[in-house]
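What follows is the content of target.cif (mmCIF, C-alpha atoms).
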data_entry
#
loop_
_atom_site.label_atom_id
_atom_site.label_comp_id
_atom_site.auth_asym_id
_atom_site.auth_seq_id
_atom_site.Cartn_x
_atom_site.Cartn_y
_atom_site.Cartn_z
CA VAL A 1 35.15 -26.89 29.95
CA THR A 2 32.84 -28.95 32.14
CA VAL A 3 30.76 -31.87 30.96
CA ALA A 4 27.64 -29.73 31.47
CA GLU A 5 28.96 -27.07 29.08
CA GLN A 6 30.05 -29.58 26.44
CA ARG A 7 26.76 -31.25 25.72
CA THR A 8 23.02 -31.12 26.10
CA ILE A 9 21.03 -34.26 26.79
CA GLY A 10 17.45 -35.28 26.07
CA ALA A 11 14.61 -35.44 28.57
CA GLY A 12 14.58 -39.26 28.68
CA VAL A 13 18.31 -39.46 29.38
CA ALA A 14 18.04 -36.74 32.05
CA GLU A 15 15.28 -38.65 33.80
CA ARG A 16 17.29 -41.89 33.79
CA LEU A 17 20.45 -40.09 34.95
CA SER A 18 18.43 -38.68 37.88
CA VAL A 19 17.42 -42.21 38.82
CA TYR A 20 21.05 -43.40 38.59
CA LEU A 21 22.10 -40.44 40.75
CA GLN A 22 19.53 -41.39 43.38
CA VAL A 23 20.78 -45.01 43.45
CA LEU A 24 24.44 -43.93 43.45
CA THR A 25 23.94 -41.42 46.27
CA GLN A 26 22.35 -44.12 48.39
CA SER A 27 25.16 -46.57 47.49
CA GLN A 28 27.68 -43.91 48.53
CA LYS A 29 25.96 -43.58 51.92
CA MET A 30 26.13 -47.34 52.34
CA GLY A 31 29.92 -47.15 51.85
CA ARG A 32 30.00 -48.69 48.37
CA GLU A 33 33.08 -47.77 46.28
CA ARG A 34 32.20 -49.55 43.02
CA ILE A 35 28.99 -50.57 41.32
CA SER A 36 28.40 -52.62 38.15
CA SER A 37 25.85 -51.79 35.46
CA GLN A 38 24.02 -55.01 36.47
CA GLU A 39 23.74 -53.81 40.07
CA LEU A 40 22.63 -50.35 38.95
CA SER A 41 20.11 -52.08 36.69
CA ALA A 42 18.64 -54.11 39.55
CA TYR A 43 18.24 -51.07 41.81
CA ALA A 44 17.09 -48.61 39.13
CA SER A 45 14.77 -51.09 37.31
CA ILE A 46 16.36 -49.98 34.04
CA ASN A 47 17.93 -52.31 31.46
CA ALA A 48 21.74 -52.71 31.99
CA THR A 49 22.49 -52.16 28.27
CA GLN A 50 20.56 -48.87 28.42
CA ILE A 51 22.54 -47.86 31.51
CA ARG A 52 25.90 -48.62 29.85
CA ARG A 53 24.81 -46.63 26.77
CA ASP A 54 23.67 -43.63 28.86
CA LEU A 55 26.85 -43.60 30.92
CA SER A 56 29.19 -44.14 27.97
CA GLY A 57 27.71 -40.91 26.56
CA LEU A 58 29.27 -39.08 29.53
CA GLY A 59 32.84 -40.20 28.81
CA LYS A 60 34.99 -43.19 29.72
CA LEU A 61 33.66 -43.90 33.20
CA GLY A 62 33.44 -47.65 33.72
CA LYS A 63 35.89 -50.52 33.39
CA ARG A 64 34.84 -53.93 32.12
CA GLY A 65 34.77 -56.39 35.02
CA VAL A 66 35.47 -53.64 37.55
CA GLY A 67 32.38 -51.43 37.28
CA TYR A 68 31.97 -47.76 37.97
CA ASN A 69 33.58 -45.70 40.70
CA VAL A 70 30.60 -44.53 42.76
CA ASP A 71 32.06 -41.21 43.98
CA HIS A 72 33.25 -40.23 40.51
CA LEU A 73 29.93 -41.11 38.86
CA VAL A 74 28.01 -39.11 41.50
CA SER A 75 30.11 -36.03 40.81
CA VAL A 76 29.93 -36.36 36.99
CA ILE A 77 26.13 -36.86 36.90
CA GLY A 78 25.56 -34.27 39.63
CA GLU A 79 27.58 -31.67 37.73
CA LEU A 80 25.67 -32.46 34.54
CA LEU A 81 22.18 -32.36 36.03
CA LEU A 82 22.36 -29.74 38.73
CA SER A 83 23.18 -26.12 38.21
CA GLN A 84 23.38 -25.66 42.00
CA PRO A 85 24.50 -28.12 44.68
CA LYS A 86 21.17 -27.88 46.58
CA HIS A 87 17.94 -26.82 44.89
CA LYS A 88 15.68 -24.79 47.15
CA ILE A 89 12.02 -25.79 47.11
CA ALA A 90 8.87 -24.65 48.90
CA LEU A 91 6.05 -26.63 50.48
CA VAL A 92 2.48 -25.49 51.01
CA GLY A 93 0.33 -27.33 53.55
CA ALA A 94 1.72 -28.07 57.01
CA GLY A 95 -0.93 -30.67 57.84
CA ARG A 96 -0.19 -34.25 58.83
CA LEU A 97 1.27 -35.30 55.47
CA GLY A 98 3.12 -32.00 54.98
CA GLN A 99 4.69 -32.35 58.43
CA ALA A 100 5.71 -35.94 57.67
CA ILE A 101 7.30 -34.90 54.37
CA ALA A 102 9.13 -31.94 55.93
CA ASN A 103 10.53 -34.21 58.65
CA SER A 104 11.28 -37.22 56.46
CA PRO A 105 14.47 -37.86 54.49
CA ILE A 106 12.44 -37.87 51.21
CA PHE A 107 14.13 -34.69 50.02
CA THR A 108 16.93 -34.11 52.52
CA GLU A 109 18.91 -37.06 51.16
CA GLN A 110 18.58 -35.63 47.66
CA PRO A 111 20.17 -32.48 46.21
CA ILE A 112 16.98 -30.71 47.31
CA THR A 113 16.28 -28.64 50.40
CA ILE A 114 12.92 -27.34 51.68
CA THR A 115 13.58 -23.63 52.23
CA ALA A 116 10.05 -22.27 52.68
CA ILE A 117 6.82 -23.68 54.14
CA PHE A 118 3.40 -22.03 53.91
CA ASP A 119 0.10 -22.69 55.66
CA HIS A 120 -3.11 -20.63 55.93
CA ASN A 121 -3.73 -21.75 59.53
CA PRO A 122 -2.84 -18.78 61.83
CA ALA A 123 -2.06 -21.26 64.64
CA LYS A 124 0.73 -22.72 62.50
CA ILE A 125 2.24 -19.53 61.06
CA GLY A 126 5.49 -18.67 62.85
CA ARG A 127 6.02 -22.21 64.15
CA GLN A 128 9.01 -24.30 63.09
CA LEU A 129 8.73 -27.40 60.91
CA GLY A 130 11.85 -29.38 59.97
CA GLY A 131 13.96 -26.32 60.84
CA VAL A 132 11.90 -23.97 58.64
CA THR A 133 9.52 -21.28 59.93
CA ILE A 134 5.97 -21.65 58.57
CA SER A 135 4.90 -18.50 56.68
CA ASP A 136 1.58 -16.97 55.68
CA PRO A 137 0.80 -17.71 52.00
CA ALA A 138 0.25 -13.95 51.63
CA GLN A 139 4.06 -13.68 51.90
CA MET A 140 4.62 -16.22 49.14
CA ARG A 141 5.79 -13.88 46.36
CA THR A 142 8.28 -12.13 48.63
CA VAL A 143 9.71 -15.31 50.17
CA MET A 144 9.91 -17.21 46.87
CA GLY A 145 11.51 -14.26 45.10
CA ARG A 146 14.11 -13.81 47.83
CA HIS A 147 15.21 -17.47 47.58
CA LYS A 148 14.61 -17.76 43.79
CA ILE A 149 12.43 -20.85 44.38
CA ILE A 150 10.86 -22.38 41.26
CA VAL A 151 9.69 -25.73 42.70
CA GLY A 152 6.59 -26.01 44.87
CA VAL A 153 5.35 -29.08 46.74
CA LEU A 154 1.57 -29.09 47.15
CA VAL A 155 0.36 -30.96 50.26
CA VAL A 156 -3.10 -29.47 50.78
CA PRO A 157 -6.54 -31.11 50.59
CA ALA A 158 -7.96 -31.46 47.07
CA ALA A 159 -10.46 -28.64 47.70
CA SER A 160 -7.67 -26.10 48.36
CA ALA A 161 -5.22 -27.40 45.76
CA GLN A 162 -6.13 -25.21 42.76
CA GLN A 163 -5.90 -22.01 44.85
CA ALA A 164 -2.55 -23.04 46.31
CA ALA A 165 -1.29 -23.96 42.82
CA ASN A 166 -2.40 -20.54 41.50
CA ASP A 167 -0.51 -18.88 44.38
CA PHE A 168 2.61 -20.90 43.51
CA ALA A 169 2.34 -20.02 39.79
CA ALA A 170 1.87 -16.32 40.60
CA ALA A 171 4.98 -16.49 42.80
CA GLY A 172 7.09 -17.81 39.90
CA VAL A 173 6.93 -21.57 40.47
CA ARG A 174 7.64 -23.59 37.30
CA ILE A 175 7.41 -27.15 38.70
CA ILE A 176 4.65 -28.30 41.07
CA LEU A 177 4.85 -31.65 42.81
CA ASN A 178 1.20 -32.45 43.50
CA TYR A 179 0.52 -34.66 46.54
CA SER A 180 -3.18 -33.86 46.41
CA GLU A 181 -5.71 -35.79 44.36
CA ALA A 182 -6.87 -32.62 42.58
CA LEU A 183 -6.48 -32.02 38.85
CA LEU A 184 -4.78 -28.67 38.38
CA ASP A 185 -5.44 -26.09 35.66
CA LEU A 186 -2.25 -24.10 35.19
CA PRO A 187 -0.48 -22.10 32.47
CA PRO A 188 1.51 -24.30 30.06
CA ASP A 189 4.83 -23.03 31.46
CA VAL A 190 4.07 -24.66 34.83
CA GLN A 191 4.82 -28.37 34.89
CA VAL A 192 2.85 -30.62 37.28
CA LEU A 193 4.40 -33.83 38.61
CA THR A 194 2.00 -36.24 40.31
CA ALA A 195 3.45 -37.53 43.57
CA ASN A 196 0.71 -40.12 43.96
CA PRO A 197 2.12 -43.57 43.17
CA ALA A 198 -1.34 -45.20 42.96
CA ALA A 199 -1.45 -45.21 39.13
CA ARG A 200 1.91 -46.98 38.89
CA MET A 201 0.72 -49.47 41.51
CA VAL A 202 -2.45 -50.24 39.54
CA ALA A 203 -0.36 -50.71 36.36
CA ALA A 204 2.03 -53.04 38.21
CA LEU A 205 -0.93 -55.06 39.50
CA TYR A 206 -2.29 -55.34 35.97
CA ARG A 207 1.07 -56.61 34.69
CA LEU A 208 1.07 -59.32 37.38
CA GLY A 209 -2.28 -60.48 35.98
CA VAL B 210 -17.29 -61.61 26.70
CA THR B 211 -15.85 -58.66 28.62
CA VAL B 212 -13.23 -56.29 27.25
CA ALA B 213 -10.72 -57.79 29.69
CA GLU B 214 -11.26 -61.25 28.27
CA GLN B 215 -11.10 -60.13 24.65
CA ARG B 216 -7.65 -58.62 24.63
CA THR B 217 -4.34 -58.31 26.39
CA ILE B 218 -2.48 -55.00 26.48
CA GLY B 219 1.16 -54.09 26.82
CA ALA B 220 2.85 -52.71 29.92
CA GLY B 221 3.18 -49.18 28.50
CA VAL B 222 -0.50 -49.02 27.59
CA ALA B 223 -1.49 -50.39 31.01
CA GLU B 224 0.55 -47.71 32.75
CA ARG B 225 -1.03 -44.93 30.66
CA LEU B 226 -4.54 -46.36 31.16
CA SER B 227 -3.90 -46.30 34.92
CA VAL B 228 -3.02 -42.62 34.67
CA TYR B 229 -6.18 -41.92 32.63
CA LEU B 230 -8.21 -43.84 35.23
CA GLN B 231 -6.76 -41.67 38.00
CA VAL B 232 -7.63 -38.47 36.11
CA LEU B 233 -11.10 -39.76 35.16
CA THR B 234 -11.93 -40.86 38.72
CA GLN B 235 -11.03 -37.40 39.99
CA SER B 236 -13.08 -35.78 37.18
CA GLN B 237 -16.02 -37.99 38.18
CA LYS B 238 -15.73 -36.78 41.77
CA MET B 239 -15.74 -33.20 40.52
CA GLY B 240 -19.06 -33.90 38.77
CA ARG B 241 -17.70 -33.88 35.22
CA GLU B 242 -19.81 -35.81 32.68
CA ARG B 243 -17.61 -35.43 29.59
CA ILE B 244 -13.91 -34.93 28.98
CA SER B 245 -11.99 -34.31 25.75
CA SER B 246 -8.70 -35.94 24.80
CA GLN B 247 -7.13 -32.45 25.06
CA GLU B 248 -8.33 -32.06 28.65
CA LEU B 249 -7.18 -35.59 29.51
CA SER B 250 -3.86 -34.71 27.90
CA ALA B 251 -3.41 -31.58 30.02
CA TYR B 252 -4.16 -33.40 33.28
CA ALA B 253 -2.28 -36.63 32.48
CA SER B 254 0.75 -34.93 30.85
CA ILE B 255 0.43 -37.40 27.96
CA ASN B 256 0.16 -36.44 24.28
CA ALA B 257 -3.50 -36.16 23.11
CA THR B 258 -2.83 -38.22 19.95
CA GLN B 259 -1.40 -41.00 22.12
CA ILE B 260 -4.49 -40.84 24.35
CA ARG B 261 -6.90 -41.09 21.40
CA ARG B 262 -4.89 -44.05 20.05
CA ASP B 263 -4.88 -45.85 23.44
CA LEU B 264 -8.61 -45.32 23.95
CA SER B 265 -9.61 -46.20 20.38
CA GLY B 266 -7.97 -49.59 21.06
CA LEU B 267 -10.69 -50.20 23.69
CA GLY B 268 -13.61 -49.75 21.28
CA LYS B 269 -15.68 -46.82 20.01
CA LEU B 270 -15.71 -44.66 23.14
CA GLY B 271 -15.38 -41.01 22.13
CA LYS B 272 -17.28 -38.73 19.76
CA ARG B 273 -15.52 -36.04 17.74
CA GLY B 274 -16.36 -32.63 19.20
CA VAL B 275 -18.19 -34.21 22.16
CA GLY B 276 -15.42 -36.05 23.98
CA TYR B 277 -15.61 -39.09 26.20
CA ASN B 278 -18.32 -40.00 28.69
CA VAL B 279 -16.45 -40.00 32.02
CA ASP B 280 -18.55 -42.65 33.82
CA HIS B 281 -18.43 -45.03 30.88
CA LEU B 282 -14.67 -44.63 30.41
CA VAL B 283 -14.06 -45.23 34.14
CA SER B 284 -16.01 -48.48 34.00
CA VAL B 285 -14.36 -49.71 30.77
CA ILE B 286 -10.78 -48.98 31.92
CA GLY B 287 -11.52 -50.18 35.46
CA GLU B 288 -12.87 -53.49 34.16
CA LEU B 289 -9.85 -53.89 31.91
CA LEU B 290 -7.19 -53.10 34.51
CA LEU B 291 -8.60 -54.40 37.75
CA SER B 292 -9.45 -57.98 38.47
CA GLN B 293 -11.11 -56.87 41.71
CA PRO B 294 -12.94 -53.62 42.54
CA LYS B 295 -10.61 -52.80 45.48
CA HIS B 296 -7.08 -54.20 45.74
CA LYS B 297 -6.04 -54.94 49.30
CA ILE B 298 -2.58 -53.74 50.26
CA ALA B 299 -0.45 -53.80 53.42
CA LEU B 300 1.70 -51.12 54.99
CA VAL B 301 4.69 -51.63 57.26
CA GLY B 302 5.86 -48.76 59.43
CA ALA B 303 3.33 -46.79 61.49
CA GLY B 304 5.66 -43.86 62.13
CA ARG B 305 4.90 -40.27 61.22
CA LEU B 306 4.92 -40.80 57.43
CA GLY B 307 3.13 -44.16 57.68
CA GLN B 308 0.40 -42.58 59.80
CA ALA B 309 0.05 -39.70 57.34
CA ILE B 310 -0.24 -42.12 54.40
CA ALA B 311 -2.76 -44.34 56.19
CA ASN B 312 -4.90 -41.29 57.00
CA SER B 313 -4.49 -39.48 53.67
CA PRO B 314 -6.63 -39.97 50.56
CA ILE B 315 -3.50 -41.11 48.61
CA PHE B 316 -4.87 -44.64 48.26
CA THR B 317 -8.45 -44.39 49.51
CA GLU B 318 -9.52 -42.42 46.43
CA GLN B 319 -8.00 -45.11 44.23
CA PRO B 320 -9.16 -48.71 43.71
CA ILE B 321 -6.80 -49.60 46.54
CA THR B 322 -7.51 -50.17 50.23
CA ILE B 323 -5.02 -50.56 53.08
CA THR B 324 -6.15 -53.77 54.79
CA ALA B 325 -3.19 -54.52 57.07
CA ILE B 326 -0.65 -52.37 58.93
CA PHE B 327 2.43 -53.68 60.74
CA ASP B 328 4.86 -52.11 63.18
CA HIS B 329 7.52 -53.59 65.46
CA ASN B 330 6.82 -51.07 68.23
CA PRO B 331 4.87 -52.90 71.00
CA ALA B 332 3.28 -49.58 72.02
CA LYS B 333 1.66 -49.34 68.59
CA ILE B 334 0.55 -52.96 68.12
CA GLY B 335 -3.21 -53.29 68.70
CA ARG B 336 -3.89 -49.59 68.14
CA GLN B 337 -6.07 -48.36 65.27
CA LEU B 338 -4.70 -46.42 62.32
CA GLY B 339 -7.05 -45.25 59.56
CA GLY B 340 -9.57 -47.85 60.70
CA VAL B 341 -7.05 -50.72 60.62
CA THR B 342 -5.58 -52.43 63.69
CA ILE B 343 -1.76 -52.36 63.77
CA SER B 344 -0.30 -55.90 63.89
CA ASP B 345 2.99 -57.42 64.95
CA PRO B 346 5.18 -58.16 61.88
CA ALA B 347 5.51 -61.70 63.31
CA GLN B 348 1.88 -62.15 62.18
CA MET B 349 2.63 -61.01 58.64
CA ARG B 350 2.42 -64.36 56.84
CA THR B 351 -0.90 -65.25 58.47
CA VAL B 352 -2.52 -61.85 57.93
CA MET B 353 -1.28 -61.47 54.34
CA GLY B 354 -2.33 -65.00 53.45
CA ARG B 355 -5.80 -64.54 54.90
CA HIS B 356 -6.40 -61.40 52.80
CA LYS B 357 -4.37 -62.61 49.77
CA ILE B 358 -2.33 -59.39 49.84
CA ILE B 359 0.43 -59.11 47.23
CA VAL B 360 1.25 -55.38 47.51
CA GLY B 361 3.30 -53.97 50.37
CA VAL B 362 3.99 -50.33 51.16
CA LEU B 363 7.31 -49.84 52.95
CA VAL B 364 7.39 -46.78 55.22
CA VAL B 365 10.24 -47.62 57.58
CA PRO B 366 13.62 -45.92 58.07
CA ALA B 367 16.30 -46.91 55.54
CA ALA B 368 18.13 -49.00 58.18
CA SER B 369 15.09 -51.29 58.68
CA ALA B 370 13.95 -51.37 55.06
CA GLN B 371 15.75 -54.50 53.82
CA GLN B 372 14.46 -56.59 56.74
CA ALA B 373 10.90 -55.34 56.26
CA ALA B 374 11.17 -56.02 52.51
CA ASN B 375 12.40 -59.57 53.23
CA ASP B 376 9.41 -60.08 55.57
CA PHE B 377 7.06 -58.86 52.84
CA ALA B 378 8.63 -61.15 50.22
CA ALA B 379 8.44 -64.15 52.58
CA ALA B 380 4.76 -63.37 53.14
CA GLY B 381 4.04 -63.52 49.40
CA VAL B 382 4.29 -59.84 48.41
CA ARG B 383 5.00 -59.35 44.68
CA ILE B 384 4.99 -55.53 44.48
CA ILE B 385 6.73 -53.29 47.04
CA LEU B 386 6.16 -49.55 47.06
CA ASN B 387 9.32 -48.23 48.68
CA TYR B 388 8.97 -44.93 50.57
CA SER B 389 12.37 -45.41 52.20
CA GLU B 390 15.65 -44.27 50.67
CA ALA B 391 17.12 -47.77 50.92
CA LEU B 392 18.15 -49.85 47.91
CA LEU B 393 16.47 -53.23 48.25
CA ASP B 394 17.90 -56.63 47.28
CA LEU B 395 14.97 -58.90 46.48
CA PRO B 396 14.22 -61.98 44.37
CA PRO B 397 13.49 -61.11 40.72
CA ASP B 398 9.79 -61.97 41.11
CA VAL B 399 9.34 -59.07 43.55
CA GLN B 400 8.93 -55.73 41.81
CA VAL B 401 10.02 -52.56 43.64
CA LEU B 402 8.35 -49.21 42.86
CA THR B 403 10.12 -46.14 44.19
CA ALA B 404 7.64 -43.78 45.82
CA ASN B 405 10.23 -41.03 46.14
CA PRO B 406 9.54 -38.33 43.54
CA ALA B 407 12.94 -36.65 44.02
CA ALA B 408 14.50 -38.17 40.88
CA ARG B 409 11.65 -36.92 38.68
CA MET B 410 11.96 -33.51 40.29
CA VAL B 411 15.69 -33.34 39.58
CA ALA B 412 15.03 -34.37 35.95
CA ALA B 413 12.32 -31.70 35.63
CA LEU B 414 14.72 -29.09 37.02
CA TYR B 415 17.33 -30.13 34.47
CA ARG B 416 14.85 -29.77 31.62
CA LEU B 417 14.05 -26.22 32.77
CA GLY B 418 17.76 -25.46 32.42
#
What does the file become when written as structure tokens?
Amino acid sequence: VTVAEQRTIGAGVAERLSVYLQVLTQSQKMGRERISSQELSAYASINATQIRRDLSGLGKLGKRGVGYNVDHLVSVIGELLLSQPKHKIALVGAGRLGQAIANSPIFTEQPITITAIFDHNPAKIGRQLGGVTISDPAQMRTVMGRHKIIVGVLVVPAASAQQAANDFAAAGVRIILNYSEALLDLPPDVQVLTANPAARMVAALYRLG
Amino acid sequence: VTVAEQRTIGAGVAERLSVYLQVLTQSQKMGRERISSQELSAYASINATQIRRDLSGLGKLGKRGVGYNVDHLVSVIGELLLSQPKHKIALVGAGRLGQAIANSPIFTEQPITITAIFDHNPAKIGRQLGGVTISDPAQMRTVMGRHKIIVGVLVVPAASAQQAANDFAAAGVRIILNYSEALLDLPPDVQVLTANPAARMVAALYRLG
């Protein structure tokens, strides 16, 4: 019986575990073998007591004064959070920002891989971007169905965003990461995540006074 | 006596107000005159009861069955959150992603303006990017001091991120928006915001099951 089968966890815990996983994966790449809850706290900007509580809920993982084994924690959290080792996602909009995202390590260093890219521009269709061939959005349902993709990244101008979001929803997308400024009207079973960090920046500025 | 002088608000409220401001600003651009708490809720992904509570704390702003006046709400929240109409920020790293960010409406549609851009590459120094001249990071202290910039956007590869973050901190930056994958070690008075949405995406995937 795996950890994932034993228990279900709440949305807040899942979100924090995802942040820990991101920090731990990066620590792993930097050759770190152990990490303390204080260090995790500093990198994740989450209270160390909260971190110890979250992780103690996953079993006996850390040792007082020694910290957590990075590799082990990555595998335990990864197994809990991810039903597949690499989630396939799609991107619509191969403009400047879309190209930068497809070529950046934003997703490639995470358990996420961009498997499909769409753009309406005929000059771009058929060309390669980050190792993926750009497709016509008319092919969206077929391509998304074939790869069972349920996450769509929206990198189109605000004026085209609602149409692209509708296309994603019709093709079975359940989570849209919205890089555009547009407000999206979508069925309640489609969740929209705002990629724009401006609101958090404004809040942080306010806190500084 | 302005609203901002009358009261202080908590960090959680400030963060939610920033999200409302982002939604309201976009609604304004789309020509909307009124918005209901339910509509705000759908766009902001925040409970409508919470929204009504947050906004009622700012005075009598909404009318039952009529909703909120968008322009008025933008000015009230803007006055409360922002000590200046446009916050000046700096960006380091004029590579592909940095160029895309500088040219995208990510910040320009917000009360945020990129005032300084730095890159170590001599071929880029002196060139224009999004209307801003790229400077040598050796000039960082002078440029940042002149414009009183306390927010830095980090768009460099992970291997250069710590050095660029140190440069920012030495130049007086208090908030770093980190687009790199690197974990940053900084003094406690420098706040790091992670721009990478991958952790939230993984958490959203988990919640879908």
What is the CA of Ile326 in chain B-CA of Val401 in chain B distance in Å, reported with one decimal?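 CA of Ile326 in chain B sits 18.6 Å away from CA of Val401 in chain B.
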Near range 60-65 of chain A, within 9 Å and counting all atoms listed in the file, which residues show up once chain neighbours fewer than 5 positions away are dropped, as a list in words?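 Skipping anything fewer than 5 positions along the chain leaves Ser36, Ser37, Arg52, Leu55, His72 and Leu73 of chain A.
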Non-local contacts of Gln139 in chain A (12 Å; all atoms listed in the file; under 3 positions in same chain excluded) as a list in words: Val92, Ala116, Ile117, Phe118, Asp119, His120, Ile125, Ile134, Ser135, Asp136, Thr142, Val143, Met144, Gly145, Arg146, Asp167, Phe168, Ala170 and Ala171 of chain A
Based on the selection just made, write C-alpha atoms of those residues as a short mmCIF file (atom, residue, chain, number, x, y, z; two decimals), in the frame of the given file.
data_model
loop_
_atom_site.label_atom_id
_atom_site.label_comp_id
_atom_site.auth_asym_id
_atom_site.auth_seq_id
_atom_site.Cartn_x
_atom_site.Cartn_y
_atom_site.Cartn_z
CA VAL A 92 2.48 -25.49 51.01
CA ALA A 116 10.05 -22.27 52.68
CA ILE A 117 6.82 -23.68 54.14
CA PHE A 118 3.40 -22.03 53.91
CA ASP A 119 0.10 -22.69 55.66
CA HIS A 120 -3.11 -20.63 55.93
CA ILE A 125 2.24 -19.53 61.06
CA ILE A 134 5.97 -21.65 58.57
CA SER A 135 4.90 -18.50 56.68
CA ASP A 136 1.58 -16.97 55.68
CA THR A 142 8.28 -12.13 48.63
CA VAL A 143 9.71 -15.31 50.17
CA MET A 144 9.91 -17.21 46.87
CA GLY A 145 11.51 -14.26 45.10
CA ARG A 146 14.11 -13.81 47.83
CA ASP A 167 -0.51 -18.88 44.38
CA PHE A 168 2.61 -20.90 43.51
CA ALA A 170 1.87 -16.32 40.60
CA ALA A 171 4.98 -16.49 42.80
#
How many Å lie between CA of Pro366 in chain B and CA of Leu393 in chain B, rounded to one decimal?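 Straight-line distance from CA of Pro366 in chain B to CA of Leu393 in chain B works out to 12.6 Å.
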Hey, list the chain A side of the contact with chain B: 6 Å cut-off, only C-alpha atoms, answer as number ranges by chain. A: 14-15, 18-19, 81, 96-97, 100, 199, 203, 206
So the first atom is CA of Met140 in chain A and the second is CA of Pro187 in chain A; what is the distance between them in Å, to one decimal place?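 Between CA of Met140 in chain A and CA of Pro187 in chain A the gap works out to 18.4 Å.
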